[in-house]
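S.K.: First the structure, which I've put down as structure tokens, then a few questions once you've had a look.
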8 protein chains.
Amino acid sequence: MDYPELGILFDHDRLERIGFPEAVFCQGKPISILEKLIQDYGSEVNRSLLFTRLEPEIWVKLNPEAQRKLDYHPISRTAFHNPLPKRDSKANIAIISAGSADAFVTWEVARTLEYLGLAHTVFEDSGVAGLWRLTSRLNEVNSHKILIVIAGLDAALASVLAGLTPRPIFAVPTSVGYGQAQNGLTALNSMLISCAPGLSVFNIDNGYGAACAAARVVNLLI
Amino acid sequence: MDYPELGILFDHDRLERIGFPEAVFCQGKPISILEKLIQDYGSEVNRSLLFTRLEPEIWVKLNPEAQRKLDYHPISRTAFHNPLPKRDSKANIAIISAGSADAFVTWEVARTLEYLGLAHTVFEDSGVAGLWRLTSRLNEVNSHKILIVIAGLDAALASVLAGLTPRPIFAVPTSVGYGQAQNGLTALNSMLISCAPGLSVFNIDNGYGAACAAARVVNLLI
Amino acid sequence: MDYPELGILFDHDRLERIGFPEAVFCQGKPISILEKLIQDYGSEVNRSLLFTRLEPEIWVKLNPEAQRKLDYHPISRTAFHNPLPKRDSKANIAIISAGSADAFVTWEVARTLEYLGLAHTVFEDSGVAGLWRLTSRLNEVNSHKILIVIAGLDAALASVLAGLTPRPIFAVPTSVGYGQAQNGLTALNSMLISCAPGLSVFNIDNGYGAACAAARVVNLLI
Amino acid sequence: MDYPELGILFDHDRLERIGFPEAVFCQGKPISILEKLIQDYGSEVNRSLLFTRLEPEIWVKLNPEAQRKLDYHPISRTAFHNPLPKRDSKANIAIISAGSADAFVTWEVARTLEYLGLAHTVFEDSGVAGLWRLTSRLNEVNSHKILIVIAGLDAALASVLAGLTPRPIFAVPTSVGYGQAQNGLTALNSMLISCAPGLSVFNIDNGYGAACAAARVVNLLI
Amino acid sequence: MDYPELGILFDHDRLERIGFPEAVFCQGKPISILEKLIQDYGSEVNRSLLFTRLEPEIWVKLNPEAQRKLDYHPISRTAFHNPLPKRDSKANIAIISAGSADAFVTWEVARTLEYLGLAHTVFEDSGVAGLWRLTSRLNEVNSHKILIVIAGLDAALASVLAGLTPRPIFAVPTSVGYGQAQNGLTALNSMLISCAPGLSVFNIDNGYGAACAAARVVNLLI
Amino acid sequence: MDYPELGILFDHDRLERIGFPEAVFCQGKPISILEKLIQDYGSEVNRSLLFTRLEPEIWVKLNPEAQRKLDYHPISRTAFHNPLPKRDSKANIAIISAGSADAFVTWEVARTLEYLGLAHTVFEDSGVAGLWRLTSRLNEVNSHKILIVIAGLDAALASVLAGLTPRPIFAVPTSVGYGQAQNGLTALNSMLISCAPGLSVFNIDNGYGAACAAARVVNLLI
Amino acid sequence: MDYPELGILFDHDRLERIGFPEAVFCQGKPISILEKLIQDYGSEVNRSLLFTRLEPEIWVKLNPEAQRKLDYHPISRTAFHNPLPKRDSKANIAIISAGSADAFVTWEVARTLEYLGLAHTVFEDSGVAGLWRLTSRLNEVNSHKILIVIAGLDAALASVLAGLTPRPIFAVPTSVGYGQAQNGLTALNSMLISCAPGLSVFNIDNGYGAACAAARVVNLLI
Amino acid sequence: MDYPELGILFDHDRLERIGFPEAVFCQGKPISILEKLIQDYGSEVNRSLLFTRLEPEIWVKLNPEAQRKLDYHPISRTAFHNPLPKRDSKANIAIISAGSADAFVTWEVARTLEYLGLAHTVFEDSGVAGLWRLTSRLNEVNSHKILIVIAGLDAALASVLAGLTPRPIFAVPTSVGYGQAQNGLTALNSMLISCAPGLSVFNIDNGYGAACAAARVVNLLI
């Protein structure tokens with residue numbers, strides 16, 4: 001079984017055009033392609049590289065040389081090589097999650113921000129079933145410039161928080177739960193029709209997208 | 001155009017069997033049927049009668065004699081004749097709604113409770129976009145035995161409240177909003193997968209059902 | 001592969017606030033987290049702990065020490081440590097299920113009630129395809145204060161039973177069946193639009209939620 | 001505004017081929033077409049003609065000559081000319097409906113059977129919220145050869161009845177109700193996944209189809 | 001891990017009440033329950049027993065004694081013990097399927113009919129993409145009293161056949177295909193809204209149900 | 001109430017770029033805009049103009065001058081000014097529809113082809129419930145170069161025809177029917193998963209799109 | 001018919017808390033409530049007031065006094081009183097729409113920005129079916145700090161633009177189109193899964209929400 | 001376990017009737033059937049044979065003799081024996097895909113065209129997130145007679161390309177992505193409601209169908 005050469009045509013000038021480089025979405029890509037990308041790009045000077053949705057069971061199948069070139073983080077399923085230089089920490093970002101079951105998305109946001117060189121703080125387990133967990137940390141949260149909120153199920157955290165902050169707030173629904181959680185669709189819809197105004201929303205589990213949106217705002221600030 | 005005689009067979013012993021009498025769901029029923037029911041039942045001694053979903057545009061078409069026999073309330077779209085005797089006010093019920101757009105359901109609950117003789121208090125406009133509207137009235141809400149919460153859109157009020165009360169709590173989603181509000185489906189699903197435990201849920205806009213569920217609990221208390 | 005420390009922030013005062021303690025929903029949580037929770041909480045005096053959705057294939061992977069601290073029940077996929085003291089048995093609860101295929105939910109209800117110290121009786125295989133199975137046991141069912149009904153497929157049992165009882169009745173749809181059973185969505189919708197009034201509904205397979213709702217009512221009674 | 005001649009090509013030999021003649025589904029057809037069909041077919045000797053879904057507001061717009069040729073029945077929204085000769089009454093059919101809100105379908109079945117010359121009895125308001133309404137009439141229902149059951153909402157009547165009869169049973173869901181009734185979709189799905197075996201199902205509100213299916217069985221019997 | 005005794009309550013008098021005995025739907029039932037049923041029922045004189053949805057991978061795990069008592073057929077995933085006596089072969093049934101991918105349903109119908117003692121003929125691979133495959137066999141198909149049609153994808157076979165036969169026709173959609181086949185939902189909907197009248201429809205892949213419906217008609221004929 | 005000037009920017013070079021000019025989709029556009037477009041474009045020499053979805057109730061509200069400039073056809077809801085010159089009639093197109101209820105789409109195709117100068121023939125009422133209506137005209141249909149098939153409900157006509165022709169075949173589902181017709185979604189899905197290969201599909205009721213697709217093929221032929 | 005006093009509890013300190021004042025969503029609110037709000041708030045000094053979804057047919061029913069207090073704009077269905085003071089025009093916002101059918105959303109954005117005192121430019125009719133309409137104006141678009149893109153149907157404009165700009169970009173799907181446009185759901189989903197990274201999304205037709213999100217960013221800049 | 005003989009009835013004259021031979025859709029077919037087909041058809045002189053959806057894990061289970069008779073290509077999951085003779089290369093076809101994740105569909109198209117003897121060129125990784133990848137190759141793409149476009153996610157490539165080409169254009173949505181990609185449904189719907197006219201659409205991942213549609217057009221050209 002020899003695979004034909006896949007026709008890959010990377011979007012090389014994306015950093016110049018929109019402010020951050022192309023990332024590799026690994027889901028569904030054969031291992032040979034991933035290894036080839038790591039080999040080619042990992043040897044270029046100053047080339048940054050981010051892999052998302054790189055599952056642990058795929059990671060362990062990569063050859064040792066490829067593994068050595070990357071910084072891998074299993075919960076977030078991300079790996080990167082040569083992250084971007086750190087930006088001014090005054091444009092900092094707060095990541096607030098409803099529960100520990102959302103960690104795979106929470107940390108995809110955090111890792112992408114780390115790769116993009118953006119300062120950030122993580123506030124996990126802030127779900128409104130125990131409202132004190134949010135209200136007791138609200139001042140600290142609001143001391144950040146941009147907020148990213150991560151929640152599944154009813155996503156009530158997103159609405160409550162959006163009603164308590166003047167900051168740009170980007171919301172990512174997660175696919176946790178069962179039955180009418182509908183793999184995150186209910187959380188997505190709840191965020192889209194939030195009773196609080198000006199809440200921006202992303203695809204289910206798309207922590208990478210929210211981090212990029214925050215980067216677009218940071219680029220205005222610094 | 002002469003309509004054939006419709007074969008109506010009322011469930012006369014429902015009060016004895018399950019604790020409250022049959023109600024008439026008016027949507028889709030021809031006016032001649034409604035008038036006949038009012039005439040027949042309204043003249044019986046001690047016969048109680050509740051009409052739900054009786055829209056104002058139908059109400060105005062009823063003949064004056066039928067109108068005179070009923071106590072009509074347009075926002076809730078309910079009418080009744082000879083309400084049940086008042087029960088012990090210690091088994092009181094709080095109705096908490098997210099906004100004034102939910103009023104058609106909020107007042108269907110209130111009117112059904114009035115018809116069933118059950119004590120209740122209404123707390124409108126308590127949505128969590130302005131969280132202080134709920135927290136400032138929480139003690140008063142929790143002084144009631146049973147809570148009925150009414151919310152549309154993201155229904156975040158239901159989750160927040162369920163996390164702040166030990167009371168039996170019955171939640172009714174409403175069909176307010178547009179787009180991904182999906183005529184109340186998102187509110188329904190958010191309530192079903194609430195991060196707070198023990199929240200009971202009803203069909204979209206079904207204020208009558210929640211009032212009946214509360215009556216089933218009151219029947220245990222007094 | 002070393003996992004980062006997950007930021008867990010338990011809702012410690014939930015028992016005081018809403019009448020029953022926080023439970024751990026295990027689905028999707030890594031084993032190391034579960035073991036840490038068991039170790040920390042299982043050694044505290046008087047600390048009660050309930051795990052739901054703890055699948056047999058996860059259970060067998062827990063270390064022996066963790067297993068020894070818990071009472072595990074595979075069909076219901078629940079485990080607990082130090083259940084709450086038994087409450088007055090007059091506030092008893094009947095659990096009525098349509099078929100043996102619903103057992104994983106039926107017993108999640110029963111086990112949660114056992115953990116909460118609430119008296120209960122289980123009536124399995126009462127589906128209406130053979131109506132005599134329900135009617136012959138109806139008096140015994142109605143001798144309980146609160147009813148929890150478990151049914152999948154068309155969920156007709158819930159409607160028939162709600163039309164035959166004055167008790168508070170909490171209904172849990174199950175994900176049994178194939179095709180238009182839609183993993184329990186049809187049962188859920190049938191319960192929500194039941195022709196019988198005052199039926200309270202929960203998420204698909206959410207036996208834990210119905211048990212909590214029953215506990216909220218029991219807390220009013222005793 | 002002159003309409004072009006529509007290209008109509010009737011299926012003239014349907015009676016010989018499948019046992020009953022083509023019917024005219026009126027919804028969406030312009031009035032001029034309906035009038036032309038009535039004029040052409042109503043003047044042929046021995047030509048039978050059935051119109052379904054002929055709404056009262058369309059009926060009143062037909063010219064008087066067309067109206068005179070047809071026997072119209074507004075609740076069922078059917079009209080016919082020259083019904084088929086009566087068949088042997090031993091192959092009789094019972095029509096059982098859950099409530100009077102289902103009447104528009106119940107009577108579409110009855111009228112189609114009348115047009116096809118088939119003996120039938122109607123049992124309205126037999127919904128299981130008051131189970132005695134069905135059980136007290138069960139023997140009379142089972143004395144018929146074929147059963148057609150009409151129900152909306154949770155459609156529990158169909159399952160209960162199918163578990164109590166050995167007869168061929170054809171089930172029609174109706175679009176009554178609101179919210180998760182989903183315009184009849186929940187009733188349809190409940191019937192399709194009934195816990196009772198051998199229940200045949202039709203499209204939402206399709207009383208005409210169920211009557212035709214019964215006719216196919218009657219054609220085997222006589 | 002000791003499983004609690006599941007509360008099984010069989011519907012023993014179903015044969016007398018509705019004309020055929022209860023069957024065991026195996027999906028989701030633990031193996032210990034299946035073995036117990038086979039042991040208990042397989043040793044009773046004259047007790048007939050049918051298992052549906054008994055997957056090959058479950059079958060091979062049953063103990064040899066249980067296997068010996070049953071006649072197993074892997075494609076249809078059915079097993080039975082002591083089938084009912086053969087009925088009059090004049091009330092014969094034709095099973096027409098669209099393609100060999102539908103075989104798992106086609107043979108569930110055939111095996112259920114065999115178990116119930118009903119004469120039948122199978123016509124596979126009759127899909128309308130090659131219309132001659134149906135038309136060349138139409139006379140033979142129509143020589144049967146009752147038709148059961150099995151089709152997935154667009155289910156066009158059901159409509160074409162229903163327009164060419166006067167027989168009672170029962171249609172079963174199958175879950176074959178991908179994308180907008182929607183696991184059989186499109187086939188189901190196409191059958192429900194067939195342009196040909198009097199087509200009775202069943203749940204996706206429910207061959208057992210269609211065979212039972214045919215049995216209800218046969219019971220009228222002989 | 002004075003409307004602001006809407007910012008319209010027509011795609012003037014579309015004819016050169018893709019082979020046919022931009023059309024005006026009228027649904028939702030205010031009448032003042034339609035009148036302005038007719039005035040501006042209708043006075044240019046050699047400017048062709050097509051309006052689709054121009055409902056009769058909107059048409060009658062246009063000022064007489066605008067009406068005089070257009071050729072309006074109410075069933076198809078189209079209007080045009082200065083149609084394109086006639087093309088070679090050897091590249092002819094057959095339009096085959098299932099029933100007269102599909103006429104609003106059938107004639108949208110025919111009118112768009114007329115506007116584009118393309119030769120075509122219409123075959124209405126060819127639905128497979130009476131299969132002879134298609135087979136008796138098949139040779140005539142196949143004598144055309146390109147086929148456009150229009151069908152609602154189960155759309156079985158599209159599959160049967162695609163299995164009987166070597167021609168490029170473009171299929172348009174229509175929104176006729178009720179219940180599980182789902183406003184044309186079932187017809188659309190049936191066409192997408194047709195058992196016959198190489199069937200191209202368009203949006204529900206999109207006769208205009210199918211005519212444009214046929215024009216793209218004609219442009220290759222002549 | 002006297003309406004009961006609705007319990008309105010405005011979120012008065014929203015401006016201080018989140019940076020812009022509460023708006024009134026008019027859909028479904030009775031006219032008497034709207035008039036009362038205008039009367040109460042319109043007479044307070046320095047009180048700003050914005051009404052959204054105020055349809056022309058409701059507007060004309062308001063009493064003349066109420067009308068005089070408001071600046072009404074029918075296409076956007078907005079009205080306001082006492083807009084906020086103008087902010088620094090360097091933090092300007094570009095609004096790019098796909099077509100004139102999207103105008104009701106495009107202008108809801110523009111009017112909300114006008115009310116909030118934020119500088120903005122509108123670029124209508126930029127849909128990618130004629131790609132030159134976007135590319136020829138790209139430099140001018142990118143000279144703004146924040147972009148809001150409005151598109152229905154396939155929403156391809158949002159993806160193309162997000163791939164060509166480094167700016168924060170907020171996308172609003174619109175409900176234009178028919179069939180599989182699904183009242184805007186397809187546009188919404190296309191935006192959520194855009195192939196271009198960092199695109200923030202809002203509910204269907206929710207121009208107000210996108211304007212508020214832009215305001216949250218502007219508040220960081222000035 | 002002996003499988004019964006499956007009743008296979010191939011559509012042998014399909015090549016003569018519609019222009020290309022029947023293909024074998026392998027998904028769900030038992031291996032014994034596949035081997036039998038290869039043995040029977042692979043030994044006939046001049047018999048061409050194409051297998052689609054033949055997954056690598058099934059391929060490796062075929063016996064070596066069967067494997068030797070076929071040309072297998074794992075990414076496209078296709079195998080063929082004795083492809084059709086090459087046709088005139090002037091009727092060439094361009095295949096344009098959005099990304100390398102779409103390769104399994106892109107190459108199903110290419111392999112089917114190779115089997116049918118049709119000239120084609122593949123242009124991978126042309127997604128509009130980097131618009132230059134399409135525009136820089138547009139002239140080369142347009143030098144082909146027919147275009148097949150393959151895209152998942154938002155499918156924006158299909159709309160942009162259709163607005164830039166006069167060619168017949170066939171669009172295949174793919175199931176790549178997660179969340180609101182909905183396994184390709186969003187891409188499908190975006191293509192169906194494309195803002196560019198005359199785009200023909202196929203089922204999700206149905207590369208085979210688009211290749212057959214192109215073959216229908218090629219048959220007109222040569």
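Identifiers in the structure tokens: chain A, B, ... in order shown; residue index from 1 per chain; ligand index from 1 in order shown.
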Identify, on the basis of only C-alpha atoms, every residue whose closest approach to His120 of chain H does not exceed 12 Å; exclude the query and any residue fewer than 6 positions from it along the same chain; express the result as a ChimeraX atom specification.

M.R.: /H:86-96,106-107,109-114,141,143-148,211,214-215,218

S.K.: Taking 2 positions as the minimum chain separation for residues in the same chain, which residues sit within 12 Å of Asn46 of chain F when counting only C-alpha atoms? Answer as a VMD selection string.

M.R.: chain F and resid 41 to 44 48 to 49 81 to 85

S.K.: Restricting the output to C-alpha atoms, write the selected residues as a PDB file, in the first residue's frame.

M.R.:
```pdb
ATOM      1  CA  TYR F  41     -32.377  48.777 -16.549  1.00  0.00           C
ATOM      2  CA  GLY F  42     -35.504  48.672 -18.646  1.00  0.00           C
ATOM      3  CA  SER F  43     -34.485  51.824 -20.463  1.00  0.00           C
ATOM      4  CA  GLU F  44     -31.003  50.684 -21.438  1.00  0.00           C
ATOM      5  CA  SER F  48     -31.673  41.926 -20.421  1.00  0.00           C
ATOM      6  CA  LEU F  49     -33.404  41.580 -17.084  1.00  0.00           C
ATOM      7  CA  HIS F  81     -37.476  42.234 -20.207  1.00  0.00           C
ATOM      8  CA  ASN F  82     -35.568  41.757 -23.445  1.00  0.00           C
ATOM      9  CA  PRO F  83     -34.830  37.998 -23.320  1.00  0.00           C
ATOM     10  CA  LEU F  84     -31.550  36.692 -24.761  1.00  0.00           C
ATOM     11  CA  PRO F  85     -31.532  35.645 -28.459  1.00  0.00           C
TER      12      PRO F  85
END
```

S.K.: Could you list, as JSON, numbers by chain, every residue within 12 Å of Glu16 of chain F, counting only C-alpha atoms and ignoring same-chain residues fewer than 5 positions away?

M.R.: {"F": [11, 21, 22], "G": [130], "H": [163, 164, 165, 166]}

S.K.: As a count of residues only, please: all residues of segment 3-195 of chain B that backbone DSSP puts in helix (DSSP H, G or I).

M.R.: 77

S.K.: Could you list, as a PyMOL selection string, the residues of chain H having an atom within 10 Å of chain G when counting only C-alpha atoms?

M.R.: chain H and resi 98-99+127-131+152-164+177-182+185-197

S.K.: Nearest residue to Ala210 of chain F out of H:Gly184, H:Pro168, H:Gly28, H:Gly117, using only C-alpha atoms?

M.R.: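 Under the stated criterion, the closest residue is H:Pro168.
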